[in-house]
Amino acid sequence: MALTRVRIPSLVALSAALLLTAACGSGSGSGSGKASDDAPAKGGSEVKKDRPVVVVTTTWEGAFAKAAGAEDVKVIVPQSVHHAPDYDPKPSDLAAVAKADFVLYAPFEPYAAKIKEAAGSKAKLVEVNLDNDPDKVKAEVDKLGALFGTADAAAQWKTGFDTEYAKLNKDVQAAWPGGKSPSVVTQVFTAWAAKLAGATPVGTYGPEAVTPAQLAELSAKKPSLVLDNAHMSTGTVLPDSGARQVEIVNYPGEDLDLLPVYRSAAAELRKAAAS
């Protein structure tokens, strides 16, 4: 999990930017390319707003929202920005927030409430537990499905997820030499990948850099693998320990599909098993 932080300009400046956006193009949407739900339909009838407008800070929250059944999802921080330390919200971001029904954020992202305040949105702020542990994912999808009124879609996604996860778990475990899973050390936000591999971590580190004392302690456990966080890697975690380091990606792509994250982790773990 990347500790994504965004610098927030003054609320006055952001609010002014939003007013400029509205003045220059009040008919523009939230960036999704869809017509406004409040625009009149052909023949003068009103378009029924039957789905929530969801704004999320990153693609990770976006994938949870999509899994829960949300269709109209706007991502603030681009997927290409892993840490986003220098990202400043644009007027179009504020315009999207102003039209949102829900704004999803993680507790380590301090800018979500400020974005909402600057845009003057009445959206409901929803804190999401960003963890790819399968049980935690399904709990969050259930919660969001209930909030969005899309519980049936959330249940259907969970069924497909369970099937895919079980297959990947079986494939990875079958790749271990002799069928024995390795001992692993994980970054605090990659423990879910050890679970996917059927392995039990012998130690964890992070999100801060490993101290000399931790280095000695973790190396003494003689792990076969180190599951590092690709979004906040500090380089080789246990040099000279003989452990193979595997980079684990937490964030989904722009398609907001969570399943490729698990497929990617499984592929990397199978490579490690084959080496």
# chains A, B, ... in the order shown; residues from 1 in each chain; ligands from 1

$ select_by_dssp --residues "segment 92-257 of chain A" --states "strand (DSSP E or B)" --output "ChimeraX atom specification"
/A:102-105,124-127,184-187,201-205,225-229,244-248

$ closest_atom_pairs --of "segment 147-221 of chain A" --to "segment 49-69 of chain A" --cutoff "12 Å" --atoms "only C-alpha atoms" --output "tab-separated table"
residue	atom	partner	partner_atom	distance
A:Leu147	CA	A:Ala68	CA	9.4
A:Phe148	CA	A:Pro52	CA	6.3
A:Gly149	CA	A:Arg51	CA	8.2
A:Thr150	CA	A:Gly69	CA	5.4
A:Ala151	CA	A:Ala68	CA	7.1
A:Asp152	CA	A:Gly69	CA	8.1
A:Ala153	CA	A:Gly69	CA	5.0
A:Ala154	CA	A:Ala68	CA	4.2
A:Ala155	CA	A:Ala68	CA	8.0
A:Gln156	CA	A:Ala67	CA	9.0
A:Trp157	CA	A:Ala67	CA	6.0
A:Lys158	CA	A:Ala67	CA	8.0
A:Thr159	CA	A:Ala67	CA	11.0
A:Gly160	CA	A:Ala67	CA	10.3
A:Phe161	CA	A:Ala67	CA	9.4

$ write_last_selection --atoms "N, CA and C atoms" --output "short mmCIF file (atom, residue, chain, number, x, y, z; two decimals), in the first residue's frame"
data_model
loop_
_atom_site.label_atom_id
_atom_site.label_comp_id
_atom_site.auth_asym_id
_atom_site.auth_seq_id
_atom_site.Cartn_x
_atom_site.Cartn_y
_atom_site.Cartn_z
N LEU A 147 -24.14 0.57 0.97
CA LEU A 147 -24.24 2.04 0.87
C LEU A 147 -24.75 2.48 -0.51
N PHE A 148 -24.26 1.81 -1.56
CA PHE A 148 -24.62 2.20 -2.92
C PHE A 148 -25.99 1.68 -3.35
N GLY A 149 -26.54 0.74 -2.60
CA GLY A 149 -27.78 0.10 -3.04
C GLY A 149 -27.54 -0.90 -4.15
N THR A 150 -26.33 -1.50 -4.17
CA THR A 150 -25.95 -2.44 -5.23
C THR A 150 -25.51 -3.77 -4.62
N ALA A 151 -26.20 -4.21 -3.59
CA ALA A 151 -25.80 -5.42 -2.87
C ALA A 151 -25.79 -6.64 -3.78
N ASP A 152 -26.72 -6.74 -4.72
CA ASP A 152 -26.76 -7.90 -5.61
C ASP A 152 -25.51 -7.96 -6.49
N ALA A 153 -25.09 -6.81 -7.02
CA ALA A 153 -23.88 -6.77 -7.85
C ALA A 153 -22.66 -7.12 -7.01
N ALA A 154 -22.62 -6.64 -5.77
CA ALA A 154 -21.49 -6.94 -4.88
C ALA A 154 -21.42 -8.44 -4.61
N ALA A 155 -22.56 -9.07 -4.36
CA ALA A 155 -22.59 -10.51 -4.09
C ALA A 155 -22.13 -11.30 -5.30
N GLN A 156 -22.53 -10.86 -6.48
CA GLN A 156 -22.11 -11.55 -7.70
C GLN A 156 -20.60 -11.43 -7.90
N TRP A 157 -20.05 -10.25 -7.64
CA TRP A 157 -18.60 -10.07 -7.77
C TRP A 157 -17.86 -10.97 -6.80
N LYS A 158 -18.34 -11.07 -5.57
CA LYS A 158 -17.67 -11.89 -4.56
C LYS A 158 -17.63 -13.36 -4.98
N THR A 159 -18.69 -13.83 -5.61
CA THR A 159 -18.72 -15.21 -6.07
C THR A 159 -17.62 -15.46 -7.10
N GLY A 160 -17.49 -14.55 -8.06
CA GLY A 160 -16.43 -14.67 -9.06
C GLY A 160 -15.06 -14.54 -8.45
N PHE A 161 -14.93 -13.65 -7.47
CA PHE A 161 -13.65 -13.45 -6.79
C PHE A 161 -13.22 -14.72 -6.06
#

$ closest_residue --among "A:Gln187, A:Ala272, A:Leu215, A:Val172" --to "Val249 of chain A" --atoms "only C-alpha atoms"
A:Gln187

$ residues_around --residues "Gly206 of chain A" --least-positions-apart "6" --cutoff "9 Å" --atoms "only C-alpha atoms" --output "compact mmCIF listing (two decimals) with N, CA, C and O atoms, in the first residue's frame"
# COMPACT_ATOMS: atom_id res chain seq x y z
N THR A 186 7.46 -10.29 4.92
CA THR A 186 6.62 -9.41 4.13
C THR A 186 6.70 -7.97 4.62
O THR A 186 6.94 -7.71 5.80
N GLN A 187 6.50 -7.06 3.71
CA GLN A 187 6.25 -5.68 4.08
C GLN A 187 4.84 -5.66 4.70
O GLN A 187 4.01 -6.53 4.40
N VAL A 188 4.55 -4.71 5.56
CA VAL A 188 3.28 -4.75 6.31
C VAL A 188 2.06 -4.75 5.40
O VAL A 188 1.00 -5.25 5.79
N PHE A 189 2.20 -4.23 4.17
CA PHE A 189 1.06 -4.16 3.28
C PHE A 189 1.10 -5.22 2.17
O PHE A 189 0.38 -5.11 1.18

$ closest_residue --among "A:Ser121, A:Gln173, A:Ser233, A:Thr190" --to "Val261 of chain A" --atoms "only C-alpha atoms"
A:Thr190

$ closest_residue --among "A:Phe102, A:Trp176, A:Tyr165, A:Tyr111" --to "Ser224 of chain A" --atoms "only C-alpha atoms"
A:Trp176

$ residues_around --residues "Ala243 of chain A" --least-positions-apart "5" --cutoff "9 Å" --atoms "only C-alpha atoms" --output "ChimeraX atom specification"
/A:184,219,222-226,238

$ write_last_selection --atoms "N, CA, C and O atoms" --output "compact mmCIF listing (two decimals), in the first residue's frame"
# COMPACT_ATOMS: atom_id res chain seq x y z
N VAL A 184 8.65 -16.72 4.49
CA VAL A 184 8.68 -15.41 3.86
C VAL A 184 8.69 -14.30 4.89
O VAL A 184 8.16 -14.45 6.00
N SER A 219 17.00 -11.38 9.07
CA SER A 219 17.96 -12.24 8.37
C SER A 219 18.18 -13.54 9.13
O SER A 219 18.36 -14.61 8.54
N LYS A 222 16.19 -16.61 8.34
CA LYS A 222 16.53 -17.31 7.11
C LYS A 222 15.33 -17.50 6.17
O LYS A 222 15.00 -18.63 5.77
N PRO A 223 14.66 -16.40 5.80
CA PRO A 223 13.52 -16.53 4.88
C PRO A 223 13.99 -16.87 3.47
O PRO A 223 15.10 -16.49 3.06
N SER A 224 13.14 -17.56 2.74
CA SER A 224 13.43 -17.84 1.33
C SER A 224 13.03 -16.67 0.45
O SER A 224 13.67 -16.40 -0.58
N LEU A 225 11.97 -15.97 0.85
CA LEU A 225 11.44 -14.88 0.04
C LEU A 225 11.20 -13.64 0.90
O LEU A 225 10.86 -13.74 2.08
N VAL A 226 11.35 -12.48 0.26
CA VAL A 226 10.93 -11.20 0.84
C VAL A 226 9.88 -10.63 -0.10
O VAL A 226 10.15 -10.41 -1.29
N LEU A 238 16.81 -7.32 2.51
CA LEU A 238 17.71 -8.16 3.31
C LEU A 238 18.93 -8.55 2.49
O LEU A 238 19.07 -9.70 2.06

$ atom_distance --atom1 "atom CA of Val128 of chain A" --atom2 "atom CA of Thr234 of chain A"
25.9 Å

$ closest_residue --among "A:Glu117, A:Leu258, A:Ala70, A:Tyr205" --to "Leu144 of chain A" --atoms "only C-alpha atoms"
A:Ala70

$ residues_around --residues "Ala194 of chain A" --least-positions-apart "2" --cutoff "12 Å" --atoms "only C-alpha atoms" --output "PDB file with N, CA, C and O atoms, in the first residue's frame"
ATOM      1  N   ASN A 132      -5.620  -5.951   0.574  1.00  0.00           N
ATOM      2  CA  ASN A 132      -6.030  -6.967  -0.395  1.00  0.00           C
ATOM      3  C   ASN A 132      -6.203  -8.353   0.214  1.00  0.00           C
ATOM      4  O   ASN A 132      -6.368  -9.333  -0.529  1.00  0.00           O
ATOM      5  N   ASP A 133      -6.154  -8.459   1.527  1.00  0.00           N
ATOM      6  CA  ASP A 133      -6.525  -9.705   2.172  1.00  0.00           C
ATOM      7  C   ASP A 133      -7.950 -10.056   1.722  1.00  0.00           C
ATOM      8  O   ASP A 133      -8.848  -9.201   1.787  1.00  0.00           O
ATOM      9  N   PRO A 134      -8.205 -11.266   1.255  1.00  0.00           N
ATOM     10  CA  PRO A 134      -9.512 -11.575   0.659  1.00  0.00           C
ATOM     11  C   PRO A 134     -10.689 -11.358   1.600  1.00  0.00           C
ATOM     12  O   PRO A 134     -11.751 -10.878   1.162  1.00  0.00           O
ATOM     13  N   ASN A 169      -4.632 -19.543  -5.673  1.00  0.00           N
ATOM     14  CA  ASN A 169      -4.034 -20.114  -4.472  1.00  0.00           C
ATOM     15  C   ASN A 169      -3.554 -21.541  -4.735  1.00  0.00           C
ATOM     16  O   ASN A 169      -2.441 -21.926  -4.348  1.00  0.00           O
ATOM     17  N   VAL A 172      -0.400 -21.470  -7.155  1.00  0.00           N
ATOM     18  CA  VAL A 172       0.845 -21.044  -6.513  1.00  0.00           C
ATOM     19  C   VAL A 172       1.387 -22.147  -5.605  1.00  0.00           C
ATOM     20  O   VAL A 172       2.584 -22.463  -5.637  1.00  0.00           O
ATOM     21  N   GLN A 173       0.511 -22.740  -4.814  1.00  0.00           N
ATOM     22  CA  GLN A 173       0.972 -23.790  -3.903  1.00  0.00           C
ATOM     23  C   GLN A 173       1.502 -25.005  -4.657  1.00  0.00           C
ATOM     24  O   GLN A 173       2.435 -25.670  -4.196  1.00  0.00           O
ATOM     25  N   SER A 181       5.595 -24.809   1.007  1.00  0.00           N
ATOM     26  CA  SER A 181       5.678 -23.358   0.847  1.00  0.00           C
ATOM     27  C   SER A 181       6.899 -22.816   1.567  1.00  0.00           C
ATOM     28  O   SER A 181       7.318 -23.356   2.599  1.00  0.00           O
ATOM     29  N   PRO A 182       7.490 -21.740   1.049  1.00  0.00           N
ATOM     30  CA  PRO A 182       8.708 -21.189   1.654  1.00  0.00           C
ATOM     31  C   PRO A 182       8.396 -20.321   2.866  1.00  0.00           C
ATOM     32  O   PRO A 182       7.262 -19.900   3.080  1.00  0.00           O
ATOM     33  N   SER A 183       9.418 -20.051   3.640  1.00  0.00           N
ATOM     34  CA  SER A 183       9.291 -19.063   4.710  1.00  0.00           C
ATOM     35  C   SER A 183       9.473 -17.689   4.084  1.00  0.00           C
ATOM     36  O   SER A 183      10.331 -17.496   3.223  1.00  0.00           O
ATOM     37  N   VAL A 184       8.649 -16.724   4.494  1.00  0.00           N
ATOM     38  CA  VAL A 184       8.685 -15.413   3.857  1.00  0.00           C
ATOM     39  C   VAL A 184       8.689 -14.299   4.894  1.00  0.00           C
ATOM     40  O   VAL A 184       8.159 -14.446   5.997  1.00  0.00           O
ATOM     41  N   VAL A 185       9.306 -13.199   4.510  1.00  0.00           N
ATOM     42  CA  VAL A 185       9.216 -11.941   5.237  1.00  0.00           C
ATOM     43  C   VAL A 185       8.419 -11.001   4.348  1.00  0.00           C
ATOM     44  O   VAL A 185       8.651 -10.929   3.143  1.00  0.00           O
ATOM     45  N   THR A 186       7.458 -10.293   4.923  1.00  0.00           N
ATOM     46  CA  THR A 186       6.615  -9.407   4.127  1.00  0.00           C
ATOM     47  C   THR A 186       6.699  -7.971   4.622  1.00  0.00           C
ATOM     48  O   THR A 186       6.943  -7.715   5.804  1.00  0.00           O
ATOM     49  N   GLN A 187       6.502  -7.056   3.707  1.00  0.00           N
ATOM     50  CA  GLN A 187       6.248  -5.676   4.081  1.00  0.00           C
ATOM     51  C   GLN A 187       4.840  -5.656   4.700  1.00  0.00           C
ATOM     52  O   GLN A 187       4.013  -6.528   4.401  1.00  0.00           O
ATOM     53  N   VAL A 188       4.549  -4.712   5.563  1.00  0.00           N
ATOM     54  CA  VAL A 188       3.283  -4.747   6.306  1.00  0.00           C
ATOM     55  C   VAL A 188       2.059  -4.750   5.399  1.00  0.00           C
ATOM     56  O   VAL A 188       0.998  -5.250   5.786  1.00  0.00           O
ATOM     57  N   PHE A 189       2.199  -4.232   4.174  1.00  0.00           N
ATOM     58  CA  PHE A 189       1.057  -4.164   3.280  1.00  0.00           C
ATOM     59  C   PHE A 189       1.101  -5.218   2.171  1.00  0.00           C
ATOM     60  O   PHE A 189       0.383  -5.109   1.176  1.00  0.00           O
ATOM     61  N   THR A 190       1.946  -6.244   2.333  1.00  0.00           N
ATOM     62  CA  THR A 190       1.981  -7.329   1.349  1.00  0.00           C
ATOM     63  C   THR A 190       1.721  -8.688   1.993  1.00  0.00           C
ATOM     64  O   THR A 190       1.916  -9.726   1.356  1.00  0.00           O
ATOM     65  N   ALA A 191       1.256  -8.690   3.238  1.00  0.00           N
ATOM     66  CA  ALA A 191       0.977  -9.962   3.913  1.00  0.00           C
ATOM     67  C   ALA A 191      -0.092 -10.749   3.167  1.00  0.00           C
ATOM     68  O   ALA A 191      -0.103 -11.982   3.206  1.00  0.00           O
ATOM     69  N   TRP A 192      -0.990 -10.052   2.476  1.00  0.00           N
ATOM     70  CA  TRP A 192      -2.043 -10.740   1.718  1.00  0.00           C
ATOM     71  C   TRP A 192      -1.450 -11.652   0.648  1.00  0.00           C
ATOM     72  O   TRP A 192      -2.039 -12.702   0.318  1.00  0.00           O
ATOM     73  N   LEU A 196      -2.000 -15.607  -0.098  1.00  0.00           N
ATOM     74  CA  LEU A 196      -2.306 -16.155  -1.418  1.00  0.00           C
ATOM     75  C   LEU A 196      -1.395 -17.335  -1.737  1.00  0.00           C
ATOM     76  O   LEU A 196      -1.820 -18.314  -2.360  1.00  0.00           O
ATOM     77  N   ALA A 197      -0.151 -17.253  -1.309  1.00  0.00           N
ATOM     78  CA  ALA A 197       0.827 -18.306  -1.574  1.00  0.00           C
ATOM     79  C   ALA A 197       0.701 -19.486  -0.620  1.00  0.00           C
ATOM     80  O   ALA A 197       1.363 -20.501  -0.803  1.00  0.00           O
ATOM     81  N   GLY A 198      -0.151 -19.347   0.393  1.00  0.00           N
ATOM     82  CA  GLY A 198      -0.259 -20.403   1.385  1.00  0.00           C
ATOM     83  C   GLY A 198       0.923 -20.448   2.313  1.00  0.00           C
ATOM     84  O   GLY A 198       1.224 -21.482   2.912  1.00  0.00           O
ATOM     85  N   ALA A 199       1.626 -19.322   2.450  1.00  0.00           N
ATOM     86  CA  ALA A 199       2.821 -19.258   3.291  1.00  0.00           C
ATOM     87  C   ALA A 199       2.537 -18.433   4.543  1.00  0.00           C
ATOM     88  O   ALA A 199       1.715 -17.520   4.533  1.00  0.00           O
ATOM     89  N   THR A 200       3.237 -18.755   5.599  1.00  0.00           N
ATOM     90  CA  THR A 200       3.119 -18.006   6.847  1.00  0.00           C
ATOM     91  C   THR A 200       4.340 -17.116   7.021  1.00  0.00           C
ATOM     92  O   THR A 200       5.469 -17.619   7.046  1.00  0.00           O
ATOM     93  N   PRO A 201       4.156 -15.802   7.136  1.00  0.00           N
ATOM     94  CA  PRO A 201       5.304 -14.915   7.307  1.00  0.00           C
ATOM     95  C   PRO A 201       6.053 -15.216   8.601  1.00  0.00           C
ATOM     96  O   PRO A 201       5.443 -15.469   9.642  1.00  0.00           O
ATOM     97  N   VAL A 202       7.363 -15.184   8.532  1.00  0.00           N
ATOM     98  CA  VAL A 202       8.182 -15.353   9.740  1.00  0.00           C
ATOM     99  C   VAL A 202       8.593 -14.000  10.307  1.00  0.00           C
ATOM    100  O   VAL A 202       9.215 -13.927  11.371  1.00  0.00           O
ATOM    101  N   GLY A 203       8.233 -12.930   9.591  1.00  0.00           N
ATOM    102  CA  GLY A 203       8.548 -11.588  10.057  1.00  0.00           C
ATOM    103  C   GLY A 203       7.994 -10.551   9.109  1.00  0.00           C
ATOM    104  O   GLY A 203       7.693 -10.846   7.954  1.00  0.00           O
ATOM    105  N   THR A 204       7.832  -9.330   9.599  1.00  0.00           N
ATOM    106  CA  THR A 204       7.346  -8.222   8.778  1.00  0.00           C
ATOM    107  C   THR A 204       8.234  -7.002   9.009  1.00  0.00           C
ATOM    108  O   THR A 204       8.949  -6.915  10.012  1.00  0.00           O
ATOM    109  N   LEU A 225      11.973 -15.973   0.854  1.00  0.00           N
ATOM    110  CA  LEU A 225      11.444 -14.879   0.043  1.00  0.00           C
ATOM    111  C   LEU A 225      11.201 -13.639   0.896  1.00  0.00           C
ATOM    112  O   LEU A 225      10.863 -13.740   2.078  1.00  0.00           O
ATOM    113  N   VAL A 226      11.352 -12.476   0.263  1.00  0.00           N
ATOM    114  CA  VAL A 226      10.931 -11.205   0.839  1.00  0.00           C
ATOM    115  C   VAL A 226       9.878 -10.629  -0.099  1.00  0.00           C
ATOM    116  O   VAL A 226      10.148 -10.414  -1.288  1.00  0.00           O
ATOM    117  N   LEU A 227       8.669 -10.410   0.411  1.00  0.00           N
ATOM    118  CA  LEU A 227       7.589  -9.854  -0.399  1.00  0.00           C
ATOM    119  C   LEU A 227       7.560  -8.350  -0.166  1.00  0.00           C
ATOM    120  O   LEU A 227       6.993  -7.857   0.810  1.00  0.00           O
ATOM    121  N   ASP A 228       8.175  -7.623  -1.084  1.00  0.00           N
ATOM    122  CA  ASP A 228       8.316  -6.175  -0.944  1.00  0.00           C
ATOM    123  C   ASP A 228       7.119  -5.459  -1.558  1.00  0.00           C
ATOM    124  O   ASP A 228       6.420  -6.000  -2.424  1.00  0.00           O
ATOM    125  N   VAL A 246      10.627 -10.378  -4.008  1.00  0.00           N
ATOM    126  CA  VAL A 246       9.528 -10.365  -4.968  1.00  0.00           C
ATOM    127  C   VAL A 246       8.753  -9.063  -4.801  1.00  0.00           C
ATOM    128  O   VAL A 246       8.348  -8.717  -3.686  1.00  0.00           O
ATOM    129  N   ILE A 248       5.568  -6.894  -5.010  1.00  0.00           N
ATOM    130  CA  ILE A 248       4.118  -7.090  -5.014  1.00  0.00           C
ATOM    131  C   ILE A 248       3.425  -5.759  -5.269  1.00  0.00           C
ATOM    132  O   ILE A 248       3.701  -4.761  -4.598  1.00  0.00           O
ATOM    133  N   TYR A 262      -4.216  -9.800  -8.097  1.00  0.00           N
ATOM    134  CA  TYR A 262      -3.966 -11.146  -7.570  1.00  0.00           C
ATOM    135  C   TYR A 262      -3.275 -12.025  -8.609  1.00  0.00           C
ATOM    136  O   TYR A 262      -2.381 -12.815  -8.269  1.00  0.00           O
ATOM    137  N   ALA A 265       0.406 -11.007  -8.683  1.00  0.00           N
ATOM    138  CA  ALA A 265       1.129 -11.516  -7.516  1.00  0.00           C
ATOM    139  C   ALA A 265       1.371 -13.015  -7.650  1.00  0.00           C
ATOM    140  O   ALA A 265       2.467 -13.510  -7.343  1.00  0.00           O
ATOM    141  N   ALA A 266       0.357 -13.740  -8.110  1.00  0.00           N
ATOM    142  CA  ALA A 266       0.495 -15.188  -8.276  1.00  0.00           C
ATOM    143  C   ALA A 266       1.574 -15.515  -9.299  1.00  0.00           C
ATOM    144  O   ALA A 266       2.366 -16.443  -9.100  1.00  0.00           O
ATOM    145  N   GLU A 268       4.217 -13.669 -10.083  1.00  0.00           N
ATOM    146  CA  GLU A 268       5.525 -13.385  -9.501  1.00  0.00           C
ATOM    147  C   GLU A 268       5.936 -14.457  -8.500  1.00  0.00           C
ATOM    148  O   GLU A 268       7.110 -14.839  -8.413  1.00  0.00           O
ATOM    149  N   LEU A 269       4.983 -14.955  -7.748  1.00  0.00           N
ATOM    150  CA  LEU A 269       5.276 -15.991  -6.764  1.00  0.00           C
ATOM    151  C   LEU A 269       5.634 -17.310  -7.445  1.00  0.00           C
ATOM    152  O   LEU A 269       6.509 -18.047  -6.980  1.00  0.00           O
TER     153      LEU A 269
END
